[in-house]
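Peer 1: If you scroll down you'll find the structure; I have some questions about it.
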Amino acid sequence: MSKLVTAAEAVARITDNAVITVSSSSALGCPDAVLQALGDRFDTEGVPRNLTTIHPIAAGDMYGVKGVDHIAKDGLLARIIGGSYPSGPSSLPMPAIWQMVVEDRVAAYNVPSGILFDMHRDVAARRPGVLTQVGLETFVDPIREGCAMNARAAESPIVHRTEFAGDTWLHFPNITPNVAIIRATTADENGNLTYEHEGAYLGGLDQAIATRNHGGLVIAQVKRMTAAGSLRPHDVHVPGHLVDLIVLAPDQKQTTETPYDPAISGEVMRPWASFSLADHGVEKIIARRAAMELKRGMTANLGFGISAMVPRILLEEGAEQSVTWAIEQGAVGGMPLTGFAFGCASNADAFVPSPNQFTYFQGGGFDVSFLSFMEVDVDGNVNVSKLGKKPYLTAGCGGFVDITAHAKKIVFSGYFEAAAQLDLTETGLRVTRPGKFTKMVEAVEHVTFPGRRARARGANVLYITERCVMRLGDKGLVAHEIMPGIDPQRDIIDASEGRVAVADDAITMPLSLLNDAPMGLVL
């Protein structure tokens with residue numbers, strides 16, 4: 001019997017109350033045609049109902065690949081558990097899934113991506129759920145929100161604190177998927193899957209195993225189909241015995257706004273000169289100071305925002321191959337991409353499945369992580385996961401909590417104030433008009449990173465802004481380096497409403513950060 005079916009035929013096999021795990025990272029690897037067919041079936045037939053969906057990384061984007069928005073419908077979706085959610089600028093309409101979340105129409109949870117991948121492995125092996133210290137003292141912890149994004153989710157907790165072997169842990173009981181919806185490039189007639197045009201493997205293999213081991217249904221969306229026996233065994237990432245149904249989607253996008261770029265999937269290597277440099281400006285100045293924390297031979301993790309510019313700083317300095325980058329979607333080495341292609345890399349050394357990458361991250365095997373912040377408080381806590389006024393401007397925590405849980409060194413980057421007017425010259429940076437509000441707050445809205453816990457375990461944590469470099473001291477945030485042109489009293493102490501102190505021995509950052517020409521960075 002052929003495994004090839006239409007998307008409509010595939011989703012006709014999904015029943016009420018099913019638990020569906022979806023492999024995706026925004027538009028990267030998104031099985032959008034199958035999700036659309038599932039939403040269409042509900043619109044015409046009123047079934048299936050009361051689904052739970054699990055998304056280790058967000059399914060869909062806000063730029064043409066709807067992903068989870070196809071199924072964000074009352075009656076269809078009862079519960080959603082996501083490492084991240086579609087996000088974008090306030091100039092675009094709020095995604096349907098976010099409307100459901102903020103209106104309390106679906107029980108919604110934000111669980112760190114690595115923990116969600118761990119949950120699949122423990123379900124597959126029939127272990128008693130995930131036992132982890134990732135997320136302690138953050139919003140993941142039941143002493144705070146316990147991953148709940150709204151009141152409906154808070155009524156049904158999915159994580160508990162527990163004592164084991166003389167220590168405190170978080171326990172996530174198993175949530176067993178009945179259906180897995182994954183994506184690849186090519187399927188043969190037996191359902192073997194290869195990923196030659198994909199920018200990452202993500203977690204499709206683990207999700208398929210977890211589902212198959214409990215007698216569930218595995219649906220794979222692919223770009224094309226080939227004859228049985230024509231795929232090289234070494235190229236097959238998901239073997240056919242794990243796959244029940246194949247859905248063809250020849251027009252599936254490689255990633256956001258990208259139909260297909262062979263450099264993203266590692267089929268060609270781009271000349272290093274073809275990558276654009278960072279535009280000169282305040283964000284580049286911040287990224288330059290962050291890059292000064294690197295040493296040749298390091299392995300560094302990279303997050304979204306200003307931090308994503310750091311590899312371009314190395315490129316400008318002629319040191320683009322001095323550091324090995326590792327990102328949560330699975331790329332290792334090469335040049336991490338920015339903008340719509342964030343989460344992908346060109347010229348990568350390897351693509352590692354996301355669950356394995358997160359095992360590496362959770363154990364703190366890398367040398368340094370470059371991440372961004374939305375706000376920082378007096379205890380050094382960082383929020384990147386919740387913005388109450390405009391929730392869809394942030395995707396949620398993603399892999400941030402996994403990455404920072406045991407990291408040896410973390411470099412956070414961001415603006416000191418929101419929307420301040422800044423005058424940047426080669427001799428200094430001056431605040432010509434104060435911002436709307438400070439990012440240095442008394443208490444963050446959401447604790448994505450627990451500052452005091454990190455300090456207690458000896459982590460080296462820096463907070464870099466356009467005005468200063470801060471560390472967490474015994475009595476709060478202290479600025480140890482000042483940007484040339486910044487008035488410490490007015491632009492740091494007063495602008496933070498006294499929440500940031502200036503060290504007596506604070507030094508001035510080098511003027512080379514401000515130059516339009518390369519700064520002369522030596523790793």
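For the structure tokens, the naming scheme is as follows: chains receive sequential letters (A, B, ...) according to their order of presentation, residues are indexed from 1 within each chain, and ligands are indexed from 1 in presentation order.
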Let's see if you can do this: from backbone DSSP, list all strand (DSSP E or B) residues in stretch 27-194 of chain A, as a PyMOL selection string.
Peer 2: chain A and resi 28+51-55+59+77-82+107-110+130-132+148+160-164+167-172+179-183+186-188+193-194
Peer 1: List the spatial neighbours of stretch 404-419 of chain A as a VMD selection string - criterion: any atom at most 8 Å away, only C-alpha atoms, same-chain residues fewer than 5 positions off excluded.
Peer 2: chain A and resid 133 to 135 286 to 287 290 306 to 307 361 to 374 434 to 440 449 454 458 to 467 495
Peer 1: Can you spit out the residues from that selection as a compact mmCIF listing (two decimals), in the first residue's frame, using N, CA and C atoms?
Peer 2:
```txt
# COMPACT_ATOMS: atom_id res chain seq x y z
N GLN A 133 17.01 20.62 36.07
CA GLN A 133 17.18 21.88 36.80
C GLN A 133 17.15 23.08 35.86
N VAL A 134 16.98 22.82 34.58
CA VAL A 134 16.79 23.90 33.63
C VAL A 134 15.47 24.61 33.95
N GLY A 135 15.53 25.90 34.15
CA GLY A 135 14.32 26.68 34.42
C GLY A 135 14.05 26.97 35.87
N ILE A 286 27.53 48.18 20.14
CA ILE A 286 27.26 47.20 21.21
C ILE A 286 27.80 45.84 20.83
N ALA A 287 27.55 45.42 19.58
CA ALA A 287 28.02 44.11 19.13
C ALA A 287 29.55 44.04 19.13
N ALA A 290 30.68 43.35 22.56
CA ALA A 290 30.43 41.94 22.87
C ALA A 290 31.49 41.06 22.25
N ILE A 306 20.53 42.05 18.71
CA ILE A 306 21.84 42.67 18.55
C ILE A 306 22.94 41.63 18.54
N SER A 307 22.79 40.59 19.36
CA SER A 307 23.82 39.55 19.45
C SER A 307 24.09 38.89 18.12
N PHE A 361 23.86 22.26 24.89
CA PHE A 361 23.61 23.55 25.52
C PHE A 361 23.27 23.40 27.01
N GLN A 362 22.37 22.50 27.31
CA GLN A 362 21.93 22.36 28.71
C GLN A 362 23.08 22.00 29.64
N GLY A 363 24.04 21.26 29.12
CA GLY A 363 25.19 20.88 29.93
C GLY A 363 26.28 21.93 29.98
N GLY A 364 26.09 23.04 29.26
CA GLY A 364 27.05 24.14 29.31
C GLY A 364 28.38 23.82 28.66
N GLY A 365 28.38 23.04 27.58
CA GLY A 365 29.64 22.64 26.96
C GLY A 365 30.33 23.73 26.16
N PHE A 366 29.64 24.76 25.78
CA PHE A 366 30.21 25.84 24.97
C PHE A 366 30.93 26.85 25.87
N ASP A 367 31.67 27.74 25.25
CA ASP A 367 32.48 28.70 26.01
C ASP A 367 31.72 29.95 26.42
N VAL A 368 30.87 30.46 25.53
CA VAL A 368 30.18 31.71 25.80
C VAL A 368 28.90 31.76 24.98
N SER A 369 27.90 32.43 25.51
CA SER A 369 26.64 32.65 24.79
C SER A 369 26.40 34.14 24.65
N PHE A 370 26.03 34.54 23.43
CA PHE A 370 25.68 35.94 23.17
C PHE A 370 24.17 36.02 22.97
N LEU A 371 23.51 36.72 23.89
CA LEU A 371 22.06 36.80 23.88
C LEU A 371 21.63 38.26 24.05
N SER A 372 20.38 38.52 23.76
CA SER A 372 19.85 39.87 23.89
C SER A 372 18.89 39.96 25.08
N PHE A 373 18.53 41.17 25.45
CA PHE A 373 17.56 41.35 26.54
C PHE A 373 16.53 42.40 26.17
N MET A 374 15.33 42.26 26.75
CA MET A 374 14.32 43.31 26.66
C MET A 374 14.37 44.22 27.87
N PRO A 434 16.42 61.95 26.19
CA PRO A 434 16.18 60.74 26.98
C PRO A 434 15.15 59.82 26.32
N GLY A 435 15.23 58.54 26.66
CA GLY A 435 14.29 57.57 26.11
C GLY A 435 12.92 57.64 26.77
N LYS A 436 12.00 56.84 26.24
CA LYS A 436 10.64 56.80 26.79
C LYS A 436 10.62 56.15 28.16
N PHE A 437 11.47 55.13 28.35
CA PHE A 437 11.57 54.47 29.65
C PHE A 437 12.88 53.69 29.68
N THR A 438 13.34 53.41 30.88
CA THR A 438 14.57 52.66 31.05
C THR A 438 14.32 51.17 30.92
N LYS A 439 15.30 50.46 30.41
CA LYS A 439 15.25 48.99 30.36
C LYS A 439 15.78 48.38 31.65
N MET A 440 16.31 49.24 32.54
CA MET A 440 16.83 48.80 33.84
C MET A 440 15.72 49.00 34.87
N PHE A 449 15.82 34.67 32.76
CA PHE A 449 17.16 34.35 33.26
C PHE A 449 17.25 34.82 34.71
N ALA A 454 22.47 32.47 38.78
CA ALA A 454 23.64 32.34 37.92
C ALA A 454 24.90 32.79 38.65
N GLY A 458 28.54 30.75 39.99
CA GLY A 458 29.82 31.19 39.49
C GLY A 458 29.86 31.57 38.02
N ALA A 459 28.71 31.77 37.39
CA ALA A 459 28.69 32.16 35.98
C ALA A 459 29.25 33.57 35.81
N ASN A 460 29.91 33.77 34.69
CA ASN A 460 30.46 35.09 34.33
C ASN A 460 29.42 35.76 33.43
N VAL A 461 28.74 36.79 33.94
CA VAL A 461 27.63 37.41 33.22
C VAL A 461 27.90 38.89 33.02
N LEU A 462 27.79 39.33 31.76
CA LEU A 462 27.93 40.74 31.42
C LEU A 462 26.65 41.23 30.78
N TYR A 463 26.35 42.51 31.04
CA TYR A 463 25.21 43.18 30.42
C TYR A 463 25.77 44.38 29.66
N ILE A 464 25.74 44.32 28.34
CA ILE A 464 26.36 45.36 27.52
C ILE A 464 25.28 46.22 26.88
N THR A 465 25.42 47.54 27.06
CA THR A 465 24.51 48.49 26.43
C THR A 465 25.34 49.53 25.69
N GLU A 466 24.65 50.47 25.05
CA GLU A 466 25.34 51.53 24.34
C GLU A 466 26.00 52.52 25.31
N ARG A 467 25.68 52.43 26.60
CA ARG A 467 26.21 53.40 27.56
C ARG A 467 27.28 52.81 28.48
N ALA A 495 19.30 57.99 34.70
CA ALA A 495 18.44 57.38 33.67
C ALA A 495 17.87 56.04 34.10
```
Peer 1: Please determine, counting only C-alpha atoms, which residue among A:Leu77, A:Val382, A:Val247, A:Ala33 has the shortest atom-to-atom distance to A:Gly46.
Peer 2: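 Of A:Leu77, A:Val382, A:Val247, A:Ala33, the one nearest A:Gly46 is A:Leu77, counting only C-alpha atoms.
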Peer 1: Tell me, as a list in words, which residues lie within 6 Å of A:Ser385, counting only C-alpha atoms; anything in the same chain fewer than 2 positions away does not count.
Peer 2: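 Within the cut-off, the hits are Asn383, Gly396 and Cys397 of chain A.
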Peer 1: Which neighbours of A:Ala151 fall inside 10 Å, counting only C-alpha atoms, when residues of the same chain fewer than 6 positions from it are skipped, and could you give them as a PyMOL selection string?
Peer 2: chain A and resi 101-108
Peer 1: Going by DSSP on the backbone, which bits of stretch 175-304 of chain A are alpha helix (DSSP H)? Write them as a count of residues only, please.
Peer 2: 19
Peer 1: For A:Ile486, which of A:Leu422, A:Met470, A:Met519, A:Val47 is the closest residue, counting only C-alpha atoms?
Peer 2: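 Using only C-alpha atoms, A:Ile486 sits closest to A:Leu422.
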Peer 1: If you count only C-alpha atoms, which residues fall within 8 Å of stretch 155-169 of chain A, apart from same-chain ones fewer than 4 positions away, as a list in words?
Peer 2: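 Result of the neighbour search: Leu131, Thr132, Gln133, Leu136, Asp141, Pro142, Gly146, Cys147, Ala148, Ala151 and Pro173 of chain A.
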Peer 1: With all heavy atoms retained, write the just-selected residues as a short mmCIF file (atom, residue, chain, number, x, y, z; two decimals), in the first residue's frame.
Peer 2:
```cif
data_model
loop_
_atom_site.label_atom_id
_atom_site.label_comp_id
_atom_site.auth_asym_id
_atom_site.auth_seq_id
_atom_site.Cartn_x
_atom_site.Cartn_y
_atom_site.Cartn_z
N LEU A 131 13.20 15.15 34.32
CA LEU A 131 13.67 15.67 35.60
C LEU A 131 14.86 16.57 35.29
O LEU A 131 15.87 16.11 34.75
CB LEU A 131 14.09 14.52 36.52
CG LEU A 131 14.27 14.84 38.01
CD1 LEU A 131 12.93 15.24 38.63
CD2 LEU A 131 14.86 13.64 38.73
N THR A 132 14.73 17.85 35.58
CA THR A 132 15.74 18.81 35.13
C THR A 132 15.86 19.98 36.09
O THR A 132 14.91 20.30 36.82
CB THR A 132 15.39 19.34 33.72
OG1 THR A 132 16.42 20.21 33.25
CG2 THR A 132 14.06 20.08 33.71
N GLN A 133 17.01 20.62 36.07
CA GLN A 133 17.18 21.88 36.80
C GLN A 133 17.15 23.08 35.86
O GLN A 133 17.26 24.21 36.30
CB GLN A 133 18.49 21.85 37.60
CG GLN A 133 18.43 20.84 38.75
CD GLN A 133 19.62 20.92 39.68
OE1 GLN A 133 20.74 21.17 39.25
NE2 GLN A 133 19.38 20.71 40.96
N LEU A 136 14.84 26.42 36.79
CA LEU A 136 14.64 26.76 38.21
C LEU A 136 14.77 28.26 38.43
O LEU A 136 15.67 28.91 37.89
CB LEU A 136 15.65 26.02 39.08
CG LEU A 136 15.34 24.56 39.41
CD1 LEU A 136 16.55 23.90 40.09
CD2 LEU A 136 14.11 24.44 40.30
N ASP A 141 9.49 27.74 36.50
CA ASP A 141 9.36 27.18 37.85
C ASP A 141 7.96 27.42 38.40
O ASP A 141 7.43 28.54 38.29
CB ASP A 141 10.40 27.86 38.75
CG ASP A 141 10.66 27.12 40.05
OD1 ASP A 141 9.71 26.57 40.62
OD2 ASP A 141 11.82 27.12 40.50
N PRO A 142 7.34 26.42 39.02
CA PRO A 142 6.01 26.63 39.63
C PRO A 142 5.98 27.69 40.72
O PRO A 142 4.90 28.18 41.06
CB PRO A 142 5.67 25.24 40.20
CG PRO A 142 6.44 24.28 39.37
CD PRO A 142 7.73 25.00 39.05
N GLY A 146 5.17 28.68 36.25
CA GLY A 146 5.09 27.28 35.89
C GLY A 146 4.79 27.06 34.42
O GLY A 146 4.04 26.14 34.05
N CYS A 147 5.35 27.91 33.56
CA CYS A 147 5.20 27.84 32.09
C CYS A 147 3.85 28.33 31.58
O CYS A 147 3.65 28.44 30.36
CB CYS A 147 5.45 26.43 31.55
SG CYS A 147 7.10 25.78 31.81
N ALA A 148 2.90 28.59 32.46
CA ALA A 148 1.56 28.99 32.01
C ALA A 148 1.59 30.40 31.42
O ALA A 148 2.16 31.33 32.00
CB ALA A 148 0.57 28.94 33.17
N ALA A 151 -4.58 32.23 32.21
CA ALA A 151 -5.29 31.64 33.35
C ALA A 151 -5.73 30.21 33.07
O ALA A 151 -5.70 29.35 33.96
CB ALA A 151 -6.50 32.51 33.70
N PRO A 173 5.86 15.74 33.81
CA PRO A 173 5.30 14.42 33.50
C PRO A 173 5.12 14.26 31.99
O PRO A 173 4.98 15.24 31.24
CB PRO A 173 3.95 14.44 34.22
CG PRO A 173 4.09 15.47 35.29
CD PRO A 173 5.00 16.52 34.71
#
```
Peer 1: Using only C-alpha atoms, which protein or nucleic acid residues come within 10 Å of A:Ala27? Drop anything in the same chain fewer than 6 positions from it, and give the result as a list in words.
Peer 2: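 Counting only the stated atoms, we get Ala58, Ala59, Gly60, Asp61, Met62, Tyr63, Gly64, Val65, Lys66, Gly67, Pro86, Gln252, Lys253, Gln254, Thr255, Thr256, Glu257, Thr258, Phe340 and Ala341 of chain A.
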Peer 1: One decimal, Å: what's the distance from atom CA of A:Ile14 over to atom CA of A:Gly129, could you say?
Peer 2: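 Spanning atom CA of A:Ile14 to atom CA of A:Gly129 is a straight-line distance of 24.9 Å.
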Peer 1: Determine, counting only C-alpha atoms, which protein, DNA and RNA residues have an atom within 9 Å of an atom of A:Ala326; residues of the same chain fewer than 5 positions away are not included. Present the result as an MDAnalysis selection string.
Peer 2: chainID A and resid 299:302 331:333 336 357 366
Peer 1: What separation in Å, quoted to one decimal, exists between atom CA of A:Phe275 and atom CA of A:Pro262?
Peer 2: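 Separation of atom CA of A:Phe275 and atom CA of A:Pro262: 14.8 Å.
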Peer 1: Which one of A:Val323, A:Ala395, A:Ala456, A:Leu511 sits closest to A:Leu523 if you count only C-alpha atoms?
Peer 2: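 Among A:Val323, A:Ala395, A:Ala456, A:Leu511, it is A:Val323 that comes nearest to A:Leu523.
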Peer 1: From the list A:Asp188, A:Asp32, A:Asp487, A:Asp402, which residue is nearest A:Thr138 when using only C-alpha atoms?
Peer 2: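 Of the candidates, the smallest distance to A:Thr138 is held by A:Asp402.
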Peer 1: One decimal, Å: what's the distance from atom CA of A:Pro89 over to atom CA of A:Leu393, could you say?
Peer 2: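 Between atom CA of A:Pro89 and atom CA of A:Leu393 the gap is 5.8 Å.
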